[in-house]
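Report on the structure given below.
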Amino acid sequence: MIDTDLAVALGSNGDREAMVLQQLNYWLHSKSAKQINGRRWIYNTYDNWKKDSFPFFSKSTIRRTFTKLEEQGIVITGNFNKAGFDKTKWYSIDEEKLDELMSRRCAQNEHTNTRDYTETTTDKDIYSSAKAEPAIYKEVIDYLNEKAGTKYKSSSAVSKRLIDARGKEGYSLEDFKMVIQNKCATWLHDSKMNKYLRPQTLFGTKFEGYLNEKTPNVPQHADFAPDAFTNGEIEGVNEDELPF
């Protein structure tokens with residue numbers, strides 16, 4: 001499904017660009033992605049993008065779409081290939097640029113949306129439209145900051161979008177709090193994993209799995225040193241428990 005808020009924020013041809021961006025985000029959180037200089041990257045050719053992800057687009061359309069996202073600064077590209085002749089592009093997403101884009105979109109909505117929300121709004125009402133009740137954002141993010149010792153802002157467009165998405169799937173405020181509790185219990189005191197106590201990870205596609213965790217189950221002996229990676233996987237840790 002296309003994120004309609006994202007598509008509108010991207011402007012002309014926004015639906016196509018949103019689709020490409022969402023698919024890129026999916027691959028960046030897959031086992032195929034590589035961590036380089038503190039950022040996750042995926043590399044691919046236009047032929048393979050077409051074959052594996054966008055068979056309904058022409059190769060020239062895919063190239064134009066990525067080029068426009070690059071020009072906007074939302075998609076970052078690089079070349080980390082060992083062979084100098086290999087010009088295959090590597091792709092990543094600049095979350096800050098994306099956040100700025102969505103923040104501008106939210107600001108535009110605020111000028112046109114004059115509905116007076118109250119504290120008595122129900123969970124059902126909160127998620128009845130793309131613009132959710134502001135209180136839910138603040139409660140969720142404040143709870144995360146309290147438990148994880150972080151300083152995320154409830155005004156972040158990315159956080160709002162993720163909270164909206166989970167809310168539309170039927171999850172409540174208590175579900176968000178339970179996910180935060182579960183992952184704080186697992187990751188808070190793990191120097192390699194506590195950086196993932198962030199909205200992008202907690203409220204993303206693994207939300208349901210995090211919600212249903214009964215006890216912390218990342219092995220205490222797990223080795224997260226660089227040499228613990230074998231073929232892109234981490235030894236001693238269940239892949240399903242990783243945030244990427």
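Chain labels follow the order of the structure tokens: the first chain is A, the next B, and so on; residue numbering restarts at 1 in every chain, and ligands are counted from 1 in their shown order.
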
Sel. of strand (DSSP E or B) residues, range 33-206 of chain A, as number ranges by chain: A: 34-36, 39-44, 75-78, 89-93

Next, write the just-selected residues to a file, as a CSV table (one decimal), in the first residue's frame, keeping N, CA, C and O atoms as the atom set.
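Dumped everything to selection.csv:
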```
chain,number,residue,atom,x,y,z
A,34,LYS,N,23.7,-3.6,4.0
A,34,LYS,CA,25.0,-3.5,4.6
A,34,LYS,C,25.2,-2.3,5.5
A,34,LYS,O,24.8,-1.2,5.0
A,35,GLN,N,25.8,-2.4,6.6
A,35,GLN,CA,26.1,-1.2,7.5
A,35,GLN,C,27.5,-0.7,7.1
A,35,GLN,O,28.5,-1.3,7.2
A,36,ILE,N,27.5,0.6,6.6
A,36,ILE,CA,28.7,1.2,6.2
A,36,ILE,C,28.8,2.6,6.7
A,36,ILE,O,27.8,3.4,6.5
A,39,ARG,N,25.6,3.9,8.5
A,39,ARG,CA,24.4,4.0,7.7
A,39,ARG,C,24.1,2.7,7.0
A,39,ARG,O,25.1,2.0,6.5
A,40,ARG,N,22.9,2.3,6.8
A,40,ARG,CA,22.5,1.1,6.1
A,40,ARG,C,22.4,1.4,4.6
A,40,ARG,O,21.7,2.3,4.3
A,41,TRP,N,22.9,0.5,3.8
A,41,TRP,CA,22.9,0.7,2.4
A,41,TRP,C,22.5,-0.6,1.7
A,41,TRP,O,22.6,-1.7,2.2
A,42,ILE,N,21.9,-0.4,0.5
A,42,ILE,CA,21.6,-1.5,-0.4
A,42,ILE,C,22.0,-1.2,-1.8
A,42,ILE,O,21.9,0.0,-2.2
A,43,TYR,N,22.6,-2.1,-2.5
A,43,TYR,CA,23.0,-1.8,-3.9
A,43,TYR,C,22.2,-2.6,-4.9
A,43,TYR,O,21.8,-3.7,-4.6
A,44,ASN,N,22.0,-2.0,-6.0
A,44,ASN,CA,21.2,-2.7,-7.0
A,44,ASN,C,21.4,-2.0,-8.4
A,44,ASN,O,21.8,-0.8,-8.5
A,75,VAL,N,17.0,10.4,-1.1
A,75,VAL,CA,17.7,9.2,-1.4
A,75,VAL,C,19.2,9.6,-1.5
A,75,VAL,O,19.5,10.6,-2.3
A,76,ILE,N,20.1,8.9,-0.9
A,76,ILE,CA,21.5,9.1,-1.0
A,76,ILE,C,22.1,7.9,-1.8
A,76,ILE,O,21.7,6.8,-1.6
A,77,THR,N,23.1,8.2,-2.6
A,77,THR,CA,23.7,7.2,-3.4
A,77,THR,C,25.2,7.2,-3.2
A,77,THR,O,25.8,8.3,-2.8
A,78,GLY,N,25.9,6.1,-3.4
A,78,GLY,CA,27.3,6.0,-3.3
A,78,GLY,C,27.8,4.8,-4.0
A,78,GLY,O,27.1,4.1,-4.7
A,89,LYS,N,25.2,1.3,-8.2
A,89,LYS,CA,24.9,2.3,-7.2
A,89,LYS,C,24.5,1.6,-5.9
A,89,LYS,O,23.8,0.6,-5.9
A,90,TRP,N,24.9,2.3,-4.8
A,90,TRP,CA,24.4,1.9,-3.5
A,90,TRP,C,23.4,3.0,-3.0
A,90,TRP,O,23.6,4.2,-3.3
A,91,TYR,N,22.4,2.6,-2.4
A,91,TYR,CA,21.3,3.5,-2.0
A,91,TYR,C,21.0,3.5,-0.5
A,91,TYR,O,21.1,2.4,0.2
A,92,SER,N,20.7,4.7,0.0
A,92,SER,CA,20.2,4.8,1.4
A,92,SER,C,19.2,5.9,1.5
A,92,SER,O,19.0,6.6,0.5
A,93,ILE,N,18.6,6.1,2.6
A,93,ILE,CA,17.6,7.1,2.8
A,93,ILE,C,18.1,8.1,3.9
A,93,ILE,O,18.5,7.7,4.9
```

Contact residues around range 56-72 of chain A with only C-alpha atoms at 9 Å, ignoring same-chain residues under 3 positions, as a list in words: Leu10, Asn13, Arg16, Glu17, Val20, Leu21, Tyr46, Asp47, Trp49, Lys50, Ser53, Val75, Ile76, Thr77 and Lys97 of chain A

Selection near range 192-203 of chain A, 6 Å with only C-alpha atoms, sequence-local residues under 3 positions removed, as JSON, numbers by chain: {"A": [159, 162, 187, 188, 207, 243]}

Selected residues written out with N, CA, C and O atoms, as a PDB file, in the first residue's frame:
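Now in selection.pdb:
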```
ATOM      1  N   SER A 159       7.816   9.990  13.190  1.00  0.00           N
ATOM      2  CA  SER A 159       7.196   9.302  14.325  1.00  0.00           C
ATOM      3  C   SER A 159       5.680   9.304  14.205  1.00  0.00           C
ATOM      4  O   SER A 159       5.016   8.290  14.455  1.00  0.00           O
ATOM      5  N   LEU A 162       4.532   6.719  11.647  1.00  0.00           N
ATOM      6  CA  LEU A 162       4.623   5.349  12.138  1.00  0.00           C
ATOM      7  C   LEU A 162       3.528   5.047  13.155  1.00  0.00           C
ATOM      8  O   LEU A 162       2.921   3.968  13.135  1.00  0.00           O
ATOM      9  N   TRP A 187      16.962  -4.357  25.270  1.00  0.00           N
ATOM     10  CA  TRP A 187      18.030  -3.601  24.627  1.00  0.00           C
ATOM     11  C   TRP A 187      18.650  -2.476  25.450  1.00  0.00           C
ATOM     12  O   TRP A 187      19.745  -2.018  25.129  1.00  0.00           O
ATOM     13  N   LEU A 188      17.969  -1.995  26.474  1.00  0.00           N
ATOM     14  CA  LEU A 188      18.404  -0.762  27.137  1.00  0.00           C
ATOM     15  C   LEU A 188      19.844  -0.836  27.628  1.00  0.00           C
ATOM     16  O   LEU A 188      20.602   0.129  27.509  1.00  0.00           O
ATOM     17  N   PHE A 207       6.487  -4.437  14.790  1.00  0.00           N
ATOM     18  CA  PHE A 207       5.733  -4.007  15.973  1.00  0.00           C
ATOM     19  C   PHE A 207       4.993  -5.169  16.618  1.00  0.00           C
ATOM     20  O   PHE A 207       5.033  -5.356  17.844  1.00  0.00           O
ATOM     21  N   PRO A 243      16.327  -5.656  14.708  1.00  0.00           N
ATOM     22  CA  PRO A 243      15.474  -4.558  14.239  1.00  0.00           C
ATOM     23  C   PRO A 243      15.685  -4.234  12.773  1.00  0.00           C
ATOM     24  O   PRO A 243      15.210  -3.230  12.287  1.00  0.00           O
TER      25      PRO A 243
END
```

Using only C-alpha atoms, determine which residues lie at most 9 Å from Glu95 in chain A, disregarding the query and same-chain residues fewer than 4 positions distant; provide the list as a PDB file with N, CA, C and O atoms, in the first residue's frame.
```
ATOM      1  N   ILE A  74      16.491  13.073  -0.505  1.00  0.00           N
ATOM      2  CA  ILE A  74      15.869  12.035   0.322  1.00  0.00           C
ATOM      3  C   ILE A  74      16.598  10.711   0.146  1.00  0.00           C
ATOM      4  O   ILE A  74      16.824   9.974   1.110  1.00  0.00           O
ATOM      5  N   ASP A  99      12.139  13.490   7.159  1.00  0.00           N
ATOM      6  CA  ASP A  99      11.425  14.076   8.290  1.00  0.00           C
ATOM      7  C   ASP A  99      11.062  15.522   7.997  1.00  0.00           C
ATOM      8  O   ASP A  99       9.950  15.978   8.289  1.00  0.00           O
ATOM      9  N   GLU A 100      11.984  16.277   7.404  1.00  0.00           N
ATOM     10  CA  GLU A 100      11.711  17.676   7.046  1.00  0.00           C
ATOM     11  C   GLU A 100      10.565  17.771   6.053  1.00  0.00           C
ATOM     12  O   GLU A 100       9.684  18.633   6.173  1.00  0.00           O
ATOM     13  N   VAL A 158       8.076  11.742  10.984  1.00  0.00           N
ATOM     14  CA  VAL A 158       8.320  10.306  10.817  1.00  0.00           C
ATOM     15  C   VAL A 158       7.658   9.524  11.939  1.00  0.00           C
ATOM     16  O   VAL A 158       7.000   8.501  11.714  1.00  0.00           O
TER      17      VAL A 158
END
```

Between CA of Ser30 in chain A and CA of Thr205 in chain A - distance in Å to one decimal: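 Pair CA of Thr205 in chain A / CA of Ser30 in chain A returns 11.3 Å.
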
Residue nearest Ala157 in chain A - candidates A:Leu98, A:Met19, A:Val140, A:Cys184, atoms counted: only C-alpha atoms: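 The shortest atom-to-atom distance to Ala157 in chain A comes from A:Leu98.
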
Length of the CA of Gly170 in chain A to CA of Ala135 in chain A vector [Å]: 17.0 Å
